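One file, protein10.cif, is given below (mmCIF, C-alpha atoms).
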```
data_work
loop_
_atom_site.label_atom_id
_atom_site.label_comp_id
_atom_site.auth_asym_id
_atom_site.auth_seq_id
_atom_site.Cartn_x
_atom_site.Cartn_y
_atom_site.Cartn_z
CA MET A 1 23.26 -38.31 222.29
CA LYS A 2 24.94 -37.23 219.04
CA SER A 3 24.20 -40.49 217.33
CA PHE A 4 21.81 -43.34 217.89
CA THR A 5 21.02 -46.54 216.05
CA GLY A 6 17.78 -48.24 216.89
CA LYS A 7 15.69 -50.97 215.33
CA THR A 8 13.60 -48.66 213.16
CA LEU A 9 15.63 -45.48 212.80
CA ARG A 10 18.98 -43.85 213.45
CA TRP A 11 20.31 -40.34 213.81
CA GLU A 12 23.65 -38.64 213.59
CA LEU A 13 24.82 -35.10 214.23
CA ARG A 14 27.70 -34.04 212.00
CA GLU A 15 29.05 -30.55 211.35
CA GLY A 16 25.90 -28.82 212.56
CA ILE A 17 23.51 -30.96 210.50
CA LEU A 18 21.39 -33.58 212.23
CA GLU A 19 20.12 -36.44 210.07
CA LEU A 20 17.32 -38.73 211.17
CA THR A 21 17.01 -41.79 208.93
CA LEU A 22 13.91 -43.96 209.06
CA ASP A 23 14.83 -47.56 208.32
CA HIS A 24 12.06 -49.99 209.13
CA GLU A 25 10.90 -52.81 206.82
CA PRO A 26 8.97 -52.74 204.57
CA ALA A 27 8.10 -49.05 204.13
CA ASN A 28 8.68 -47.32 207.49
CA GLU A 29 5.23 -48.08 208.86
CA ILE A 30 4.84 -46.21 212.15
CA GLY A 31 3.98 -48.67 214.89
CA SER A 32 4.82 -48.94 218.57
CA GLU A 33 8.51 -49.70 218.02
CA MET A 34 9.10 -46.73 215.73
CA LEU A 35 7.02 -44.51 218.01
CA ALA A 36 9.22 -45.42 220.99
CA GLU A 37 12.35 -44.55 219.00
CA LEU A 38 10.81 -41.33 217.69
CA GLU A 39 10.14 -40.42 221.34
CA LYS A 40 13.82 -40.95 222.06
CA PHE A 41 14.64 -38.65 219.16
CA ALA A 42 12.19 -35.99 220.36
CA ALA A 43 13.69 -36.17 223.85
CA ALA A 44 17.21 -35.73 222.43
CA LEU A 45 16.16 -32.95 220.06
CA GLU A 46 16.37 -30.13 222.58
CA ALA A 47 19.99 -30.86 223.45
CA LEU A 48 20.87 -31.53 219.80
CA SER A 49 19.29 -28.22 218.77
CA SER A 50 22.02 -26.26 220.54
CA GLU A 51 24.62 -27.86 218.27
CA ALA A 52 22.68 -28.18 215.01
CA SER A 53 21.14 -25.64 212.63
CA VAL A 54 19.18 -28.09 210.52
CA CYS A 55 17.61 -31.51 210.89
CA ILE A 56 16.99 -33.63 207.80
CA ILE A 57 14.49 -36.47 208.05
CA ALA A 58 14.89 -39.08 205.32
CA SER A 59 14.26 -42.74 204.64
CA ALA A 60 16.63 -45.59 203.88
CA ARG A 61 13.81 -47.76 202.54
CA LYS A 62 13.55 -48.23 198.80
CA HIS A 63 9.79 -47.85 198.59
CA GLY A 64 9.64 -44.43 200.13
CA PHE A 65 9.57 -42.04 203.04
CA SER A 66 6.81 -43.80 204.98
CA ALA A 67 3.62 -45.68 204.14
CA GLY A 68 2.04 -44.31 207.34
CA ALA A 69 0.70 -45.93 210.49
CA ASP A 70 1.26 -49.64 210.95
CA LEU A 71 -2.31 -50.74 210.31
CA ARG A 72 -1.55 -54.42 210.80
CA GLU A 73 -0.14 -53.79 214.25
CA LEU A 74 -3.06 -51.49 215.03
CA TYR A 75 -5.60 -54.12 214.05
CA HIS A 76 -3.93 -57.01 215.86
CA ALA A 77 -3.45 -54.93 219.02
CA ALA A 78 -6.97 -53.49 219.04
CA ALA A 79 -9.12 -56.40 217.86
CA PRO A 80 -8.95 -58.60 220.98
CA LEU A 81 -9.55 -55.70 223.40
CA PRO A 82 -12.86 -54.66 224.97
CA GLU A 83 -14.10 -51.29 223.64
CA LYS A 84 -12.94 -49.20 226.58
CA GLU A 85 -9.38 -50.54 226.47
CA ARG A 86 -9.30 -50.27 222.68
CA LEU A 87 -10.17 -46.60 222.90
CA ALA A 88 -7.64 -45.99 225.67
CA GLY A 89 -4.91 -47.70 223.65
CA VAL A 90 -5.56 -45.66 220.52
CA ARG A 91 -5.79 -42.40 222.44
CA ASN A 92 -2.53 -43.15 224.21
CA PHE A 93 -0.77 -43.83 220.89
CA LEU A 94 -2.14 -40.60 219.40
CA GLU A 95 -1.15 -38.52 222.44
CA ARG A 96 2.38 -39.89 222.21
CA ILE A 97 2.84 -39.37 218.46
CA HIS A 98 1.37 -35.86 218.73
CA LYS A 99 3.92 -35.03 221.41
CA VAL A 100 6.72 -36.19 219.10
CA LEU A 101 5.42 -34.32 216.05
CA ASN A 102 4.77 -31.17 218.08
CA ALA A 103 8.39 -31.31 219.27
CA ILE A 104 9.64 -31.62 215.68
CA ASP A 105 7.26 -28.86 214.56
CA ALA A 106 8.45 -26.49 217.30
CA ALA A 107 12.14 -27.40 217.18
CA PRO A 108 14.38 -24.32 217.06
CA LEU A 109 16.39 -25.76 214.20
CA VAL A 110 15.12 -25.91 210.62
CA THR A 111 13.63 -29.26 209.73
CA ILE A 112 13.67 -30.68 206.20
CA ALA A 113 11.83 -33.82 205.08
CA ALA A 114 13.71 -35.42 202.17
CA VAL A 115 10.97 -37.47 200.57
CA HIS A 116 11.03 -40.19 197.94
CA GLY A 117 8.45 -42.82 196.99
CA VAL A 118 5.35 -43.19 199.14
CA CYS A 119 4.60 -40.52 201.70
CA PHE A 120 1.16 -41.60 202.90
CA GLY A 121 -0.97 -41.03 205.98
CA GLY A 122 1.22 -40.86 209.07
CA GLY A 123 4.29 -40.51 206.85
CA LEU A 124 2.85 -37.38 205.31
CA GLU A 125 1.94 -36.14 208.79
CA LEU A 126 5.59 -36.52 209.83
CA ALA A 127 6.72 -34.61 206.72
CA LEU A 128 4.14 -31.90 207.41
CA ALA A 129 5.64 -31.30 210.86
CA CYS A 130 8.86 -30.28 209.09
CA ASP A 131 9.57 -26.77 207.84
CA LEU A 132 10.45 -27.76 204.27
CA ILE A 133 9.67 -30.76 202.11
CA VAL A 134 12.20 -31.61 199.42
CA ALA A 135 10.73 -34.29 197.18
CA ASP A 136 12.08 -36.68 194.58
CA LYS A 137 10.00 -36.36 191.42
CA MET A 138 8.84 -39.97 191.95
CA ALA A 139 7.35 -39.19 195.39
CA ARG A 140 3.61 -39.56 196.02
CA PHE A 141 1.54 -38.02 198.78
CA ALA A 142 -1.83 -39.18 200.14
CA PHE A 143 -4.19 -39.23 203.07
CA PRO A 144 -5.99 -42.54 202.45
CA GLU A 145 -7.57 -42.70 205.94
CA LEU A 146 -11.18 -42.18 204.81
CA ARG A 147 -11.15 -45.64 203.21
CA LEU A 148 -11.05 -46.99 206.77
CA GLY A 149 -13.73 -44.64 208.03
CA LEU A 150 -11.13 -42.50 209.77
CA ILE A 151 -9.45 -39.14 209.44
CA PRO A 152 -5.69 -38.64 209.65
CA GLY A 153 -4.81 -38.84 213.34
CA PHE A 154 -1.20 -37.64 213.66
CA GLY A 155 -1.97 -33.95 213.11
CA GLY A 156 -2.34 -34.09 209.35
CA ILE A 157 -5.41 -31.96 208.76
CA PRO A 158 -4.48 -28.98 210.97
CA ARG A 159 -0.95 -28.92 209.59
CA LEU A 160 -2.03 -29.30 205.96
CA LYS A 161 -4.63 -26.57 206.52
CA ARG A 162 -1.95 -24.35 208.04
CA ASP A 163 0.20 -24.63 204.94
CA LEU A 164 -2.17 -25.00 201.98
CA GLY A 165 -5.44 -23.85 200.48
CA ASN A 166 -8.56 -25.50 201.80
CA ALA A 167 -9.67 -26.69 198.35
CA PHE A 168 -6.58 -28.88 197.94
CA VAL A 169 -6.89 -30.13 201.52
CA ARG A 170 -10.45 -31.27 200.74
CA ASP A 171 -9.35 -32.90 197.47
CA LEU A 172 -6.61 -34.90 199.19
CA LEU A 173 -8.70 -35.79 202.23
CA LEU A 174 -12.11 -36.48 200.71
CA THR A 175 -10.95 -38.44 197.64
CA GLY A 176 -8.12 -40.30 199.38
CA ARG A 177 -6.21 -40.04 196.11
CA SER A 178 -2.45 -39.83 195.92
CA VAL A 179 -0.78 -36.95 194.12
CA ASN A 180 2.64 -36.83 192.52
CA ALA A 181 5.47 -34.54 193.54
CA ALA A 182 4.93 -32.08 190.69
CA ARG A 183 1.33 -31.52 191.75
CA ALA A 184 2.40 -31.32 195.40
CA GLN A 185 4.90 -28.63 194.48
CA ALA A 186 2.34 -26.74 192.40
CA VAL A 187 0.00 -26.46 195.40
CA GLY A 188 2.81 -25.47 197.76
CA LEU A 189 3.19 -28.68 199.75
CA VAL A 190 6.65 -29.41 198.34
CA ALA A 191 9.24 -26.66 198.62
CA GLN A 192 11.78 -28.09 196.18
CA LEU A 193 11.56 -30.79 193.55
CA ALA A 194 14.55 -33.10 193.14
CA GLY A 195 15.53 -35.44 190.34
CA GLU A 196 15.08 -39.15 190.85
CA GLY A 197 17.19 -40.32 193.80
CA GLU A 198 18.41 -36.78 194.52
CA ALA A 199 16.13 -35.61 197.35
CA LEU A 200 18.62 -36.24 200.15
CA ARG A 201 21.48 -34.58 198.26
CA LEU A 202 19.31 -31.55 197.58
CA ALA A 203 18.18 -31.47 201.24
CA ARG A 204 21.84 -31.52 202.36
CA SER A 205 22.71 -28.67 200.04
CA THR A 206 19.72 -26.68 201.36
CA ALA A 207 20.81 -27.47 204.92
CA ALA A 208 24.33 -26.16 204.20
CA GLN A 209 22.83 -22.86 203.02
CA ILE A 210 20.53 -22.54 206.06
CA ALA A 211 23.44 -23.28 208.42
CA LYS A 212 25.11 -20.03 207.33
CA PHE A 213 22.45 -17.87 208.99
CA ASP A 214 22.34 -16.49 212.52
CA PRO A 215 20.55 -18.99 214.81
CA GLY A 216 18.63 -16.32 216.75
CA THR A 217 17.22 -14.78 213.58
CA ARG A 218 16.34 -18.21 212.21
CA ILE A 219 14.46 -19.13 215.40
CA ALA A 220 12.56 -15.83 215.46
CA ALA A 221 11.59 -16.18 211.79
CA LYS A 222 10.34 -19.73 212.26
CA ARG A 223 8.27 -18.87 215.34
CA PHE A 224 6.74 -15.93 213.49
CA ILE A 225 5.80 -17.78 210.31
CA LYS A 226 4.91 -21.24 211.65
CA PRO A 227 2.38 -21.16 214.48
CA ILE A 228 1.40 -24.58 215.80
CA PRO A 229 -2.39 -25.17 215.73
CA TYR A 230 -2.56 -26.81 219.17
CA ASP A 231 -6.35 -26.44 219.62
CA GLU A 232 -7.12 -28.07 216.28
CA LEU A 233 -4.57 -30.81 216.96
CA ARG A 234 -6.39 -31.63 220.23
CA ARG A 235 -9.73 -31.64 218.43
CA GLU A 236 -8.35 -33.98 215.78
CA ILE A 237 -7.46 -36.57 218.44
CA ASP A 238 -11.02 -36.40 219.81
CA ILE A 239 -12.63 -36.79 216.37
CA PHE A 240 -10.30 -39.67 215.48
CA CYS A 241 -11.17 -41.47 218.72
CA GLU A 242 -14.91 -40.95 218.18
CA LEU A 243 -14.65 -42.39 214.66
CA PHE A 244 -12.36 -45.21 215.75
CA MET A 245 -15.01 -46.71 218.01
CA ARG A 246 -17.45 -47.33 215.16
CA PRO A 247 -17.66 -51.00 214.07
CA ALA A 248 -16.99 -50.01 210.43
CA VAL A 249 -13.43 -49.07 211.34
CA MET A 250 -12.44 -52.45 212.74
CA ALA A 251 -14.17 -54.08 209.75
CA GLY A 252 -12.14 -51.83 207.41
CA LEU A 253 -8.91 -52.64 209.23
CA LYS A 254 -9.69 -56.36 209.06
CA LYS A 255 -10.36 -56.08 205.34
CA PHE A 256 -7.03 -54.32 204.86
CA VAL A 257 -5.11 -56.87 206.95
CA ASP A 258 -6.76 -59.83 205.20
CA SER A 259 -6.58 -58.32 201.73
CA SER A 260 -4.69 -60.00 198.96
CA ASP A 261 -5.70 -57.27 196.48
CA ALA A 262 -2.94 -55.96 194.29
CA MET A 263 -3.54 -52.42 195.53
CA PRO A 264 -5.09 -52.76 199.01
CA TYR A 265 -4.17 -49.23 200.03
CA LEU A 266 -6.68 -47.77 197.59
CA PRO A 267 -10.03 -46.50 198.75
CA MET B 1 -3.15 -35.63 169.69
CA ARG B 2 -2.12 -39.21 170.27
CA THR B 3 -4.36 -42.09 169.22
CA LEU B 4 -5.23 -44.78 171.76
CA GLU B 5 -2.91 -47.12 169.88
CA GLN B 6 0.00 -44.67 170.21
CA THR B 7 -0.74 -44.14 173.91
CA THR B 8 -0.85 -47.90 174.46
CA GLN B 9 2.51 -48.34 172.72
CA GLU B 10 4.05 -45.60 174.87
CA VAL B 11 2.69 -47.25 178.03
CA LEU B 12 4.19 -50.59 176.97
CA ALA B 13 7.54 -48.99 176.12
CA LEU B 14 7.70 -47.12 179.42
CA ALA B 15 6.79 -50.24 181.42
CA ALA B 16 9.37 -52.32 179.54
CA GLN B 17 12.10 -49.76 180.08
CA HIS B 18 11.55 -49.17 183.78
CA PHE B 19 10.83 -52.71 184.87
CA HIS B 20 13.52 -54.21 182.61
CA VAL B 21 11.25 -56.44 180.55
CA PRO B 22 11.81 -56.93 176.79
CA LEU B 23 9.23 -54.78 174.96
CA GLU B 24 8.44 -57.56 172.50
CA THR B 25 7.18 -59.73 175.36
CA LEU B 26 4.48 -57.22 176.34
CA ALA B 27 1.04 -57.01 174.70
CA PRO B 28 -1.83 -54.54 175.24
CA ASN B 29 -4.11 -57.10 176.88
CA ASP B 30 -1.48 -58.41 179.30
CA ASP B 31 -2.07 -58.22 183.04
CA PHE B 32 0.71 -55.81 184.03
CA PHE B 33 0.89 -57.01 187.63
CA LYS B 34 1.65 -60.52 186.43
CA LYS B 35 3.69 -59.64 183.36
CA LEU B 36 5.92 -57.12 185.11
CA GLY B 37 5.90 -59.03 188.40
CA ILE B 38 5.12 -55.88 190.38
CA ASP B 39 3.43 -55.27 193.72
CA SER B 40 1.15 -52.43 194.80
CA LEU B 41 3.99 -50.03 195.62
CA GLN B 42 5.65 -50.68 192.27
CA ALA B 43 2.27 -50.12 190.59
CA LEU B 44 2.25 -46.69 192.23
CA GLU B 45 5.72 -46.10 190.79
CA LEU B 46 4.37 -47.01 187.34
CA LEU B 47 1.46 -44.60 187.87
CA THR B 48 3.89 -41.78 188.73
CA ARG B 49 6.08 -42.55 185.73
CA LEU B 50 3.03 -42.48 183.46
CA GLU B 51 1.86 -39.17 184.94
CA ASN B 52 5.32 -37.66 184.49
CA HIS B 53 5.65 -39.01 180.94
CA PHE B 54 2.23 -37.87 179.70
CA GLY B 55 2.11 -34.70 181.81
CA ILE B 56 -1.24 -35.62 183.35
CA GLU B 57 -2.71 -36.52 186.72
CA LEU B 58 -4.27 -39.94 186.96
CA PRO B 59 -6.15 -40.37 190.24
CA ASP B 60 -5.48 -43.83 191.61
CA TYR B 61 -9.21 -44.54 192.08
CA GLU B 62 -9.52 -44.36 188.29
CA VAL B 63 -7.07 -47.19 187.82
CA GLN B 64 -8.30 -49.32 190.71
CA GLY B 65 -9.28 -52.68 189.28
CA VAL B 66 -7.42 -51.98 186.04
CA SER B 67 -4.78 -54.59 185.35
CA ASP B 68 -4.21 -54.59 181.58
CA PHE B 69 -2.15 -52.12 179.58
CA ARG B 70 -4.89 -51.27 177.08
CA THR B 71 -7.42 -50.18 179.71
CA LEU B 72 -4.69 -48.26 181.51
CA ALA B 73 -3.89 -46.49 178.22
CA ASP B 74 -7.58 -45.76 177.76
CA ARG B 75 -7.74 -44.06 181.19
CA ILE B 76 -4.70 -41.99 180.24
CA GLN B 77 -6.17 -41.13 176.84
CA ALA B 78 -9.23 -39.66 178.55
CA ARG B 79 -6.96 -37.09 180.24
CA LEU B 80 -4.76 -36.11 177.31
#
```
Structure translated into structure tokens:
Amino acid sequence: MKSFTGKTLRWELREGILELTLDHEPANEIGSEMLAELEKFAAALEALSSEASVCIIASARKHGFSAGADLRELYHAAAPLPEKERLAGVRNFLERIHKVLNAIDAAPLVTIAAVHGVCFGGGLELALACDLIVADKMARFAFPELRLGLIPGFGGIPRLKRDLGNAFVRDLLLTGRSVNAARAQAVGLVAQLAGEGEALRLARSTAAQIAKFDPGTRIAAKRFIKPIPYDELRREIDIFCELFMRPAVMAGLKKFVDSSDAMPYLP
Amino acid sequence: MRTLEQTTQEVLALAAQHFHVPLETLAPNDDFFKKLGIDSLQALELLTRLENHFGIELPDYEVQGVSDFRTLADRIQARL
């Protein structure tokens, strides 16, 4: 499928460059609908990889790349369920999103996240599955999960740890603070910094350069430099599920859903 | 080294410019959420613009609960 338009995202393959555009109101929250369409994308990726050198993942939403998991959907789906079913539902969602992100991580083409605005939680985890992050200077990155009594659950910690120094990983994770693109570039999270509104253009120009190289060499280089931490990713799902069953988490989710605070995302 | 008054004026000018509000309608004690009519994501945008303008990092937990320009400027001043 060279192009697809769904309810939350679309993709198009043109002249060897595949572009996946997230487009889900209000800020590309990743819930069941987006997950199902990301699964479609992951399933199509293998066939698309034979025709494309690069995949760019970007957002059409004004506020940013993605605000992360859809916490409202998570709360409303989980709250009425008995504990056992709640746990099974969360584990199933995590297994599915991990499968998608592992497919993006391991894809034989080069993946570029073109990021602007918020890139939080699950949104950052999606960007971290990519090979390069090109960020608008107004982008912000955060793992705010600890405010809910959780850790990132879509593979964020193992992938951040793979790419960056442990001290910065701890800063981001344990404070829950957001950092700007300049800081993210200084620590090595962002590969290239773009002017305001220019991330996608810069990602396309980078893609055009990458497309000039021999596919076999590109694939070998990527496999060599970017091992996927499967064991840690499995462990992360287990820890997330253990934490998720604590009453404090549902209370935190309820507080978030009910909040009328000006900045409810803050820890 | 800027004074707090200078920092406050720069914060007001930057907010006025980027959220298209006449500068003369903004005062240091104004609630910027109400005065600029911004939501939490736009507040993050303001935070990033301030960080870029002053060349500092301002952790968002330090501005949690802050809603007036003067206190915001004071938090910035502490990092200049």
Non-local contacts of Lys226 of chain A (9 Å; only C-alpha atoms; under 5 positions in same chain excluded) as a PyMOL selection string: chain A and resi 105-106+131+162-163+221
Which of B:Ser40, B:Thr3, B:Thr71, B:Gln17 sits closest to chain A [using all atoms listed in the file]: B:Ser40
Exercise: Leu23 of chain B partners within 12 Å, all atoms listed in the file, chain neighbours under 2 positions left out, as a list in words: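 What passes the distance filter is Gln9, Glu10, Val11, Leu12, Ala13, Leu14, Ala15, Ala16, Gln17, His18, Phe19, His20, Val21, Thr25, Leu26, Ala27, Pro28, Lys35 and Leu36 of chain B.
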Sorted per-residue table, chain B near chain A, closest atoms and distance, 7 Å, only C-alpha atoms, as a tab-separated table:
```
residue	atom	partner	partner_atom	distance
B:Asp39	CA	A:Ala262	CA	6.4
B:Ser40	CA	A:Met263	CA	4.7
B:Leu41	CA	A:His63	CA	6.9
B:Glu45	CA	A:Met138	CA	7.0
B:Thr48	CA	A:Met138	CA	6.2
B:Pro59	CA	A:Arg177	CA	5.9
B:Asp60	CA	A:Arg177	CA	5.9
B:Tyr61	CA	A:Arg177	CA	6.7
```
Once the PyMOL selection byres ((chain B and resi 76) around 9) is applied to the coordinates I shared, what remains selected? I want it as an mmCIF file with C-alpha atoms, keeping the file's coordinate frame.
```cif
data_model
loop_
_atom_site.group_PDB
_atom_site.id
_atom_site.type_symbol
_atom_site.label_atom_id
_atom_site.label_comp_id
_atom_site.auth_asym_id
_atom_site.auth_seq_id
_atom_site.Cartn_x
_atom_site.Cartn_y
_atom_site.Cartn_z
ATOM 1 C CA LEU B 4 -5.230 -44.780 171.760
ATOM 2 C CA THR B 7 -0.740 -44.140 173.910
ATOM 3 C CA LEU B 50 3.030 -42.480 183.460
ATOM 4 C CA GLU B 51 1.860 -39.170 184.940
ATOM 5 C CA PHE B 54 2.230 -37.870 179.700
ATOM 6 C CA ILE B 56 -1.240 -35.620 183.350
ATOM 7 C CA GLU B 57 -2.710 -36.520 186.720
ATOM 8 C CA LEU B 58 -4.270 -39.940 186.960
ATOM 9 C CA THR B 71 -7.420 -50.180 179.710
ATOM 10 C CA LEU B 72 -4.690 -48.260 181.510
ATOM 11 C CA ALA B 73 -3.890 -46.490 178.220
ATOM 12 C CA ASP B 74 -7.580 -45.760 177.760
ATOM 13 C CA ARG B 75 -7.740 -44.060 181.190
ATOM 14 C CA GLN B 77 -6.170 -41.130 176.840
ATOM 15 C CA ALA B 78 -9.230 -39.660 178.550
ATOM 16 C CA ARG B 79 -6.960 -37.090 180.240
ATOM 17 C CA LEU B 80 -4.760 -36.110 177.310
#
```
